[in-house]
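Student: structure-v7.cif (mmCIF, N, CA and C atoms and all ligand atoms) pasted underneath:
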```
data_my_file
#
loop_
_atom_site.label_atom_id
_atom_site.label_comp_id
_atom_site.auth_asym_id
_atom_site.auth_seq_id
_atom_site.Cartn_x
_atom_site.Cartn_y
_atom_site.Cartn_z
N MET A 8 77.26 17.69 -120.00
CA MET A 8 78.08 17.71 -118.80
C MET A 8 79.36 18.49 -119.07
N THR A 9 79.75 19.26 -118.11
CA THR A 9 80.97 20.04 -118.20
C THR A 9 82.00 19.45 -117.25
N THR A 10 83.21 19.31 -117.73
CA THR A 10 84.31 18.81 -116.91
C THR A 10 85.43 19.83 -116.92
N ILE A 11 85.96 20.12 -115.74
CA ILE A 11 87.14 20.98 -115.63
C ILE A 11 88.30 20.08 -115.27
N LYS A 12 89.21 19.98 -116.22
CA LYS A 12 90.38 19.12 -116.02
C LYS A 12 91.58 20.02 -115.74
N ILE A 13 92.29 19.72 -114.67
CA ILE A 13 93.49 20.48 -114.34
C ILE A 13 94.67 19.76 -114.97
N ARG A 14 95.28 20.42 -115.94
CA ARG A 14 96.41 19.79 -116.63
C ARG A 14 97.66 19.90 -115.77
N GLN A 15 98.43 18.84 -115.75
CA GLN A 15 99.66 18.87 -114.97
C GLN A 15 100.57 19.96 -115.52
N ASN A 16 100.96 20.89 -114.68
CA ASN A 16 101.84 22.00 -115.06
C ASN A 16 101.27 22.81 -116.23
N GLY A 17 99.94 22.87 -116.30
CA GLY A 17 99.32 23.58 -117.41
C GLY A 17 98.00 24.21 -117.02
N PRO A 18 97.16 24.49 -118.02
CA PRO A 18 95.93 25.24 -117.80
C PRO A 18 94.79 24.41 -117.22
N TYR A 19 93.72 25.11 -116.90
CA TYR A 19 92.43 24.47 -116.61
C TYR A 19 91.78 24.22 -117.96
N LEU A 20 91.46 22.99 -118.22
CA LEU A 20 90.84 22.61 -119.48
C LEU A 20 89.37 22.36 -119.22
N ILE A 21 88.51 23.15 -119.84
CA ILE A 21 87.07 23.06 -119.59
C ILE A 21 86.42 22.41 -120.80
N GLU A 22 85.90 21.22 -120.57
CA GLU A 22 85.32 20.42 -121.65
C GLU A 22 83.80 20.44 -121.53
N GLY A 23 83.15 20.84 -122.58
CA GLY A 23 81.69 20.89 -122.60
C GLY A 23 81.24 21.78 -123.73
N ASP A 24 80.16 21.42 -124.38
CA ASP A 24 79.68 22.20 -125.52
C ASP A 24 78.99 23.48 -125.12
N ASP A 25 78.53 23.57 -123.89
CA ASP A 25 77.76 24.74 -123.48
C ASP A 25 78.54 25.68 -122.56
N VAL A 26 79.86 25.61 -122.63
CA VAL A 26 80.70 26.45 -121.76
C VAL A 26 80.76 27.88 -122.31
N THR A 27 80.51 28.84 -121.45
CA THR A 27 80.64 30.25 -121.77
C THR A 27 81.57 30.88 -120.75
N VAL A 28 82.51 31.68 -121.19
CA VAL A 28 83.41 32.40 -120.28
C VAL A 28 83.00 33.87 -120.32
N VAL A 29 82.67 34.42 -119.16
CA VAL A 29 82.21 35.80 -119.09
C VAL A 29 83.13 36.60 -118.18
N ASP A 30 83.20 37.91 -118.43
CA ASP A 30 84.00 38.78 -117.57
C ASP A 30 83.13 39.23 -116.38
N TRP A 31 83.67 40.11 -115.56
CA TRP A 31 82.98 40.54 -114.34
C TRP A 31 81.69 41.28 -114.63
N ASN A 32 81.50 41.72 -115.87
CA ASN A 32 80.25 42.39 -116.25
C ASN A 32 79.25 41.43 -116.88
N GLY A 33 79.66 40.20 -117.03
CA GLY A 33 78.78 39.21 -117.66
C GLY A 33 78.92 39.17 -119.17
N ALA A 34 79.87 39.93 -119.73
CA ALA A 34 80.09 39.92 -121.18
C ALA A 34 80.89 38.68 -121.56
N ALA A 35 80.40 37.98 -122.57
CA ALA A 35 81.03 36.72 -122.99
C ALA A 35 82.25 36.97 -123.87
N TYR A 36 83.29 36.21 -123.59
CA TYR A 36 84.46 36.20 -124.46
C TYR A 36 84.15 35.32 -125.67
N PRO A 37 84.63 35.70 -126.85
CA PRO A 37 84.51 34.78 -127.98
C PRO A 37 85.39 33.56 -127.72
N ILE A 38 84.87 32.40 -128.03
CA ILE A 38 85.62 31.15 -127.83
C ILE A 38 86.14 30.70 -129.18
N ALA A 39 87.46 30.75 -129.34
CA ALA A 39 88.07 30.41 -130.62
C ALA A 39 88.13 28.90 -130.85
N ARG A 40 88.32 28.16 -129.76
CA ARG A 40 88.39 26.70 -129.93
C ARG A 40 88.01 26.01 -128.63
N ARG A 41 87.64 24.79 -128.78
CA ARG A 41 87.24 23.98 -127.63
C ARG A 41 88.06 22.71 -127.61
N PRO A 42 88.34 22.16 -126.43
CA PRO A 42 87.93 22.63 -125.13
C PRO A 42 88.60 23.97 -124.77
N VAL A 43 87.99 24.69 -123.87
CA VAL A 43 88.50 25.99 -123.44
C VAL A 43 89.64 25.76 -122.46
N ALA A 44 90.76 26.45 -122.68
CA ALA A 44 91.91 26.35 -121.77
C ALA A 44 92.10 27.69 -121.08
N LEU A 45 91.94 27.71 -119.77
CA LEU A 45 92.11 28.93 -119.00
C LEU A 45 93.47 28.91 -118.31
N CYS A 46 94.14 30.05 -118.36
CA CYS A 46 95.48 30.16 -117.79
C CYS A 46 95.46 29.92 -116.28
N ARG A 47 96.39 29.12 -115.85
CA ARG A 47 96.55 28.83 -114.42
C ARG A 47 97.88 29.38 -113.91
N CYS A 48 98.80 29.65 -114.83
CA CYS A 48 100.13 30.09 -114.41
C CYS A 48 100.22 31.58 -114.19
N GLY A 49 99.30 32.34 -114.77
CA GLY A 49 99.30 33.79 -114.63
C GLY A 49 100.15 34.52 -115.64
N ALA A 50 100.79 33.82 -116.56
CA ALA A 50 101.72 34.46 -117.47
C ALA A 50 101.19 34.62 -118.90
N SER A 51 100.00 34.16 -119.17
CA SER A 51 99.46 34.28 -120.53
C SER A 51 99.30 35.74 -120.93
N THR A 52 99.56 36.04 -122.19
CA THR A 52 99.32 37.38 -122.70
C THR A 52 97.92 37.46 -123.30
N ASN A 53 97.17 36.39 -123.19
CA ASN A 53 95.81 36.33 -123.74
C ASN A 53 94.83 35.92 -122.65
N LYS A 54 95.02 36.43 -121.43
CA LYS A 54 94.14 36.05 -120.31
C LYS A 54 92.70 36.43 -120.62
N PRO A 55 91.77 35.62 -120.20
CA PRO A 55 91.92 34.51 -119.27
C PRO A 55 92.33 33.20 -119.93
N PHE A 56 92.61 33.24 -121.21
CA PHE A 56 92.92 32.00 -121.91
C PHE A 56 94.41 31.67 -121.86
N CYS A 57 94.69 30.41 -121.94
CA CYS A 57 96.07 29.92 -121.98
C CYS A 57 96.64 30.17 -123.38
N ASP A 58 97.86 30.68 -123.43
CA ASP A 58 98.54 30.84 -124.73
C ASP A 58 99.81 29.98 -124.77
N LYS A 59 99.91 29.02 -123.90
CA LYS A 59 101.01 28.05 -123.80
C LYS A 59 102.29 28.65 -123.24
N THR A 60 102.23 29.85 -122.71
CA THR A 60 103.41 30.44 -122.08
C THR A 60 103.88 29.60 -120.91
N HIS A 61 102.96 28.85 -120.28
CA HIS A 61 103.33 28.03 -119.12
C HIS A 61 104.49 27.09 -119.46
N SER A 62 104.54 26.61 -120.68
CA SER A 62 105.63 25.70 -121.08
C SER A 62 106.95 26.45 -121.13
N ARG A 63 106.92 27.66 -121.65
CA ARG A 63 108.15 28.44 -121.82
C ARG A 63 108.73 28.87 -120.48
N ILE A 64 107.86 29.17 -119.50
CA ILE A 64 108.35 29.66 -118.21
C ILE A 64 108.60 28.53 -117.22
N GLY A 65 108.28 27.31 -117.61
CA GLY A 65 108.53 26.18 -116.71
C GLY A 65 107.57 26.12 -115.54
N PHE A 66 106.32 26.53 -115.76
CA PHE A 66 105.31 26.50 -114.70
C PHE A 66 105.18 25.10 -114.15
N GLN A 67 105.19 25.01 -112.81
CA GLN A 67 105.02 23.72 -112.16
C GLN A 67 103.99 23.83 -111.07
N ALA A 68 103.09 22.90 -111.05
CA ALA A 68 102.06 22.84 -110.02
C ALA A 68 101.79 21.36 -109.76
N ALA A 69 102.04 20.93 -108.57
CA ALA A 69 102.00 19.50 -108.28
C ALA A 69 100.70 19.05 -107.63
N GLU A 70 99.76 19.97 -107.41
CA GLU A 70 98.56 19.54 -106.71
C GLU A 70 97.78 18.52 -107.53
N ALA A 71 97.17 17.61 -106.81
CA ALA A 71 96.36 16.57 -107.44
C ALA A 71 95.22 16.24 -106.50
N ALA A 72 94.16 15.71 -107.05
CA ALA A 72 93.01 15.33 -106.24
C ALA A 72 93.40 14.18 -105.32
N VAL A 73 92.96 14.30 -104.08
CA VAL A 73 93.23 13.25 -103.11
C VAL A 73 91.88 12.66 -102.71
N SER A 74 91.70 11.39 -102.97
CA SER A 74 90.44 10.74 -102.67
C SER A 74 90.10 10.86 -101.19
N GLY A 75 88.88 11.29 -100.89
CA GLY A 75 88.42 11.38 -99.52
C GLY A 75 88.70 12.71 -98.85
N SER A 76 89.50 13.58 -99.47
CA SER A 76 89.77 14.87 -98.85
C SER A 76 88.64 15.83 -99.18
N GLU A 77 88.49 16.84 -98.36
CA GLU A 77 87.43 17.82 -98.57
C GLU A 77 88.01 19.14 -99.04
N ASP A 78 87.21 19.86 -99.81
CA ASP A 78 87.62 21.17 -100.27
C ASP A 78 87.75 22.11 -99.07
N LYS A 79 88.75 22.98 -99.13
CA LYS A 79 88.94 23.94 -98.04
C LYS A 79 88.64 25.34 -98.57
N PRO A 80 87.98 26.17 -97.78
CA PRO A 80 87.72 27.54 -98.23
C PRO A 80 89.00 28.35 -98.24
N ALA A 81 89.03 29.35 -99.10
CA ALA A 81 90.19 30.26 -99.16
C ALA A 81 90.26 31.05 -97.87
N GLN A 82 91.47 31.37 -97.46
CA GLN A 82 91.65 32.14 -96.22
C GLN A 82 92.28 33.47 -96.52
S1 LIG B 1 98.52 28.07 -118.05
FE1 LIG B 1 99.05 28.26 -120.10
S2 LIG B 1 99.77 30.26 -120.32
FE2 LIG B 1 99.23 30.10 -118.24
#
```
Would you kindly transcribe this structure into structure tokens?
Tutor:
Amino acid sequence: MTTIKIRQNGPYLIEGDDVTVVDWNGAAYPIARRPVALCRCGASTNKPFCDKTHSRIGFQAAEAAVSGSEDKPAQ
């Protein structure tokens, strides 16, 4: 089972042994460590991976799951 955990004011943490991150061509990135942390703040110098820059820049994101709400499509 794969779980994507959204860290408060931090990256997307992808937990699972069979996780592969691929680029738009389908080429796999080497995974240095697990769980995989993908940048959510946009400031990493190692995208798509988190390099902890979010802490230095004070990235804040307050969204949280709300029980009973439905996902909305992007507009
Ligand atoms: S979320 Fe960690 S560097 Fe962007």
Student: Interatomic distance between atom C of Gly23 of chain A and atom CA of Gly49 of chain A?
Tutor: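 So the two atoms, atom C of Gly23 of chain A and atom CA of Gly49 of chain A, lie 23.5 Å apart.
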Student: Would you mind listing what lies within 8 Å of segment 31-44 of chain A as a ChimeraX atom specification, with all atoms listed in the file counted and same-chain residues fewer than 3 positions away left out?
Tutor: /A:17-24,26-28,47,55-58
Student: In Å to one decimal, how far is atom CA of His61 of chain A from atom S2 of ligand LIG 1 (chain B)?
Tutor: 4.4 Å
Student: How many Å lie between atom C of Asn53 of chain A and atom FE2 of ligand LIG 1 (chain B), rounded to one decimal?
Tutor: 8.5 Å
Student: Tell me which of A:Thr10, A:Gln82, A:Ser62, A:Ser51 sits closest to ligand LIG 1 (chain B), counting only C-alpha atoms and all ligand atoms.
Tutor: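 Smallest distance to ligand LIG 1 (chain B) is found for A:Ser51.
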Student: Under the rule that only C-alpha atoms are counted, which of A:Glu70, A:Gly65, A:Asp25, A:Gly75 is the nearest residue to Met8 of chain A?
Tutor: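 The answer is A:Asp25, which sits nearest to Met8 of chain A.
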Student: Running DSSP on the backbone, which parts of chain A land in strand (DSSP E or B), as an MDAnalysis selection string?
Tutor: chainID A and resid 10:13 19:22 29 35 43:45 56
Student: Quick one: 4 Å padding each side, axis-aligned, all listed atoms of segment 41-48 of chain A - centre and edge lengths in Å to one decimal, as AutoDock Vina command-line options?
Tutor:
```
--center_x 93.7 --center_y 26.9 --center_z -121.3 --size_x 21.0 --size_y 17.4 --size_z 22.9
```
Student: Using only N, CA and C atoms and all ligand atoms, can you tell me which of A:Val73, A:Ala50, A:Ile64, A:Asp78 comes closest to ligand LIG 1 (chain B)?
Tutor: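 Comparing A:Val73, A:Ala50, A:Ile64, A:Asp78 against ligand LIG 1 (chain B), the winner is A:Ala50.
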Student: I need the residue nearest ligand LIG 1 (chain B) from this list: A:Ile13, A:Val29, A:Cys48, A:Ala69. Use only N, CA and C atoms and all ligand atoms for the distance.
Tutor: A:Cys48
Student: Give the alpha helix (DSSP H) residues of chain A, as assigned by DSSP on the backbone, as JSON, numbers by chain.
Tutor: {"A": [60, 61, 62, 63, 64]}
Student: Given only C-alpha atoms and all ligand atoms as the basis, pick out the residue of A:Lys12, A:Arg63, A:Asp30, A:Glu77 nearest to ligand LIG 1 (chain B).
Tutor: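 The closest residue to ligand LIG 1 (chain B) is A:Arg63.
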Student: Of the candidates A:Ala81, A:Ala72, A:Ile11, A:Cys46, which one gets nearest to ligand LIG 1 (chain B) if we count only C-alpha atoms and all ligand atoms?
Tutor: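 Among the listed residues, A:Cys46 lies closest to ligand LIG 1 (chain B).
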Student: Please rebuild segment 36-55 of chain A with N, CA, C and O atoms and return the result as an mmCIF file, in the frame of the given file.
Tutor:
```
data_model
loop_
_atom_site.group_PDB
_atom_site.id
_atom_site.type_symbol
_atom_site.label_atom_id
_atom_site.label_comp_id
_atom_site.auth_asym_id
_atom_site.auth_seq_id
_atom_site.Cartn_x
_atom_site.Cartn_y
_atom_site.Cartn_z
ATOM 1 N N TYR A 36 83.290 36.210 -123.590
ATOM 2 C CA TYR A 36 84.460 36.200 -124.460
ATOM 3 C C TYR A 36 84.150 35.320 -125.670
ATOM 4 O O TYR A 36 83.491 34.289 -125.527
ATOM 5 N N PRO A 37 84.630 35.700 -126.850
ATOM 6 C CA PRO A 37 84.510 34.780 -127.980
ATOM 7 C C PRO A 37 85.390 33.560 -127.720
ATOM 8 O O PRO A 37 86.506 33.694 -127.224
ATOM 9 N N ILE A 38 84.870 32.400 -128.030
ATOM 10 C CA ILE A 38 85.620 31.150 -127.830
ATOM 11 C C ILE A 38 86.140 30.700 -129.180
ATOM 12 O O ILE A 38 85.375 30.324 -130.057
ATOM 13 N N ALA A 39 87.460 30.750 -129.340
ATOM 14 C CA ALA A 39 88.070 30.410 -130.620
ATOM 15 C C ALA A 39 88.130 28.900 -130.850
ATOM 16 O O ALA A 39 88.054 28.438 -131.976
ATOM 17 N N ARG A 40 88.320 28.160 -129.760
ATOM 18 C CA ARG A 40 88.390 26.700 -129.930
ATOM 19 C C ARG A 40 88.010 26.010 -128.630
ATOM 20 O O ARG A 40 88.082 26.595 -127.558
ATOM 21 N N ARG A 41 87.640 24.790 -128.780
ATOM 22 C CA ARG A 41 87.240 23.980 -127.630
ATOM 23 C C ARG A 41 88.060 22.710 -127.610
ATOM 24 O O ARG A 41 88.442 22.226 -128.674
ATOM 25 N N PRO A 42 88.340 22.160 -126.430
ATOM 26 C CA PRO A 42 87.930 22.630 -125.130
ATOM 27 C C PRO A 42 88.600 23.970 -124.770
ATOM 28 O O PRO A 42 89.648 24.313 -125.330
ATOM 29 N N VAL A 43 87.990 24.690 -123.870
ATOM 30 C CA VAL A 43 88.500 25.990 -123.440
ATOM 31 C C VAL A 43 89.640 25.760 -122.460
ATOM 32 O O VAL A 43 89.521 24.980 -121.520
ATOM 33 N N ALA A 44 90.760 26.450 -122.680
ATOM 34 C CA ALA A 44 91.910 26.350 -121.770
ATOM 35 C C ALA A 44 92.100 27.690 -121.080
ATOM 36 O O ALA A 44 92.361 28.701 -121.740
ATOM 37 N N LEU A 45 91.940 27.710 -119.770
ATOM 38 C CA LEU A 45 92.110 28.930 -119.000
ATOM 39 C C LEU A 45 93.470 28.910 -118.310
ATOM 40 O O LEU A 45 93.879 27.897 -117.743
ATOM 41 N N CYS A 46 94.140 30.050 -118.360
ATOM 42 C CA CYS A 46 95.480 30.160 -117.790
ATOM 43 C C CYS A 46 95.460 29.920 -116.280
ATOM 44 O O CYS A 46 94.648 30.476 -115.556
ATOM 45 N N ARG A 47 96.390 29.120 -115.850
ATOM 46 C CA ARG A 47 96.550 28.830 -114.420
ATOM 47 C C ARG A 47 97.880 29.380 -113.910
ATOM 48 O O ARG A 47 98.064 29.568 -112.725
ATOM 49 N N CYS A 48 98.800 29.650 -114.830
ATOM 50 C CA CYS A 48 100.130 30.090 -114.410
ATOM 51 C C CYS A 48 100.220 31.580 -114.190
ATOM 52 O O CYS A 48 101.131 32.067 -113.537
ATOM 53 N N GLY A 49 99.300 32.340 -114.770
ATOM 54 C CA GLY A 49 99.300 33.790 -114.630
ATOM 55 C C GLY A 49 100.150 34.520 -115.640
ATOM 56 O O GLY A 49 100.228 35.746 -115.611
ATOM 57 N N ALA A 50 100.790 33.820 -116.560
ATOM 58 C CA ALA A 50 101.720 34.460 -117.470
ATOM 59 C C ALA A 50 101.190 34.620 -118.900
ATOM 60 O O ALA A 50 101.880 35.186 -119.747
ATOM 61 N N SER A 51 100.000 34.160 -119.170
ATOM 62 C CA SER A 51 99.460 34.280 -120.530
ATOM 63 C C SER A 51 99.300 35.740 -120.930
ATOM 64 O O SER A 51 98.934 36.583 -120.118
ATOM 65 N N THR A 52 99.560 36.040 -122.190
ATOM 66 C CA THR A 52 99.320 37.380 -122.700
ATOM 67 C C THR A 52 97.920 37.460 -123.300
ATOM 68 O O THR A 52 97.551 38.496 -123.856
ATOM 69 N N ASN A 53 97.170 36.390 -123.190
ATOM 70 C CA ASN A 53 95.810 36.330 -123.740
ATOM 71 C C ASN A 53 94.830 35.920 -122.650
ATOM 72 O O ASN A 53 93.929 35.118 -122.880
ATOM 73 N N LYS A 54 95.020 36.430 -121.430
ATOM 74 C CA LYS A 54 94.140 36.050 -120.310
ATOM 75 C C LYS A 54 92.700 36.430 -120.620
ATOM 76 O O LYS A 54 92.471 37.437 -121.267
ATOM 77 N N PRO A 55 91.770 35.620 -120.200
ATOM 78 C CA PRO A 55 91.920 34.510 -119.270
ATOM 79 C C PRO A 55 92.330 33.200 -119.930
ATOM 80 O O PRO A 55 92.386 32.181 -119.258
#
```
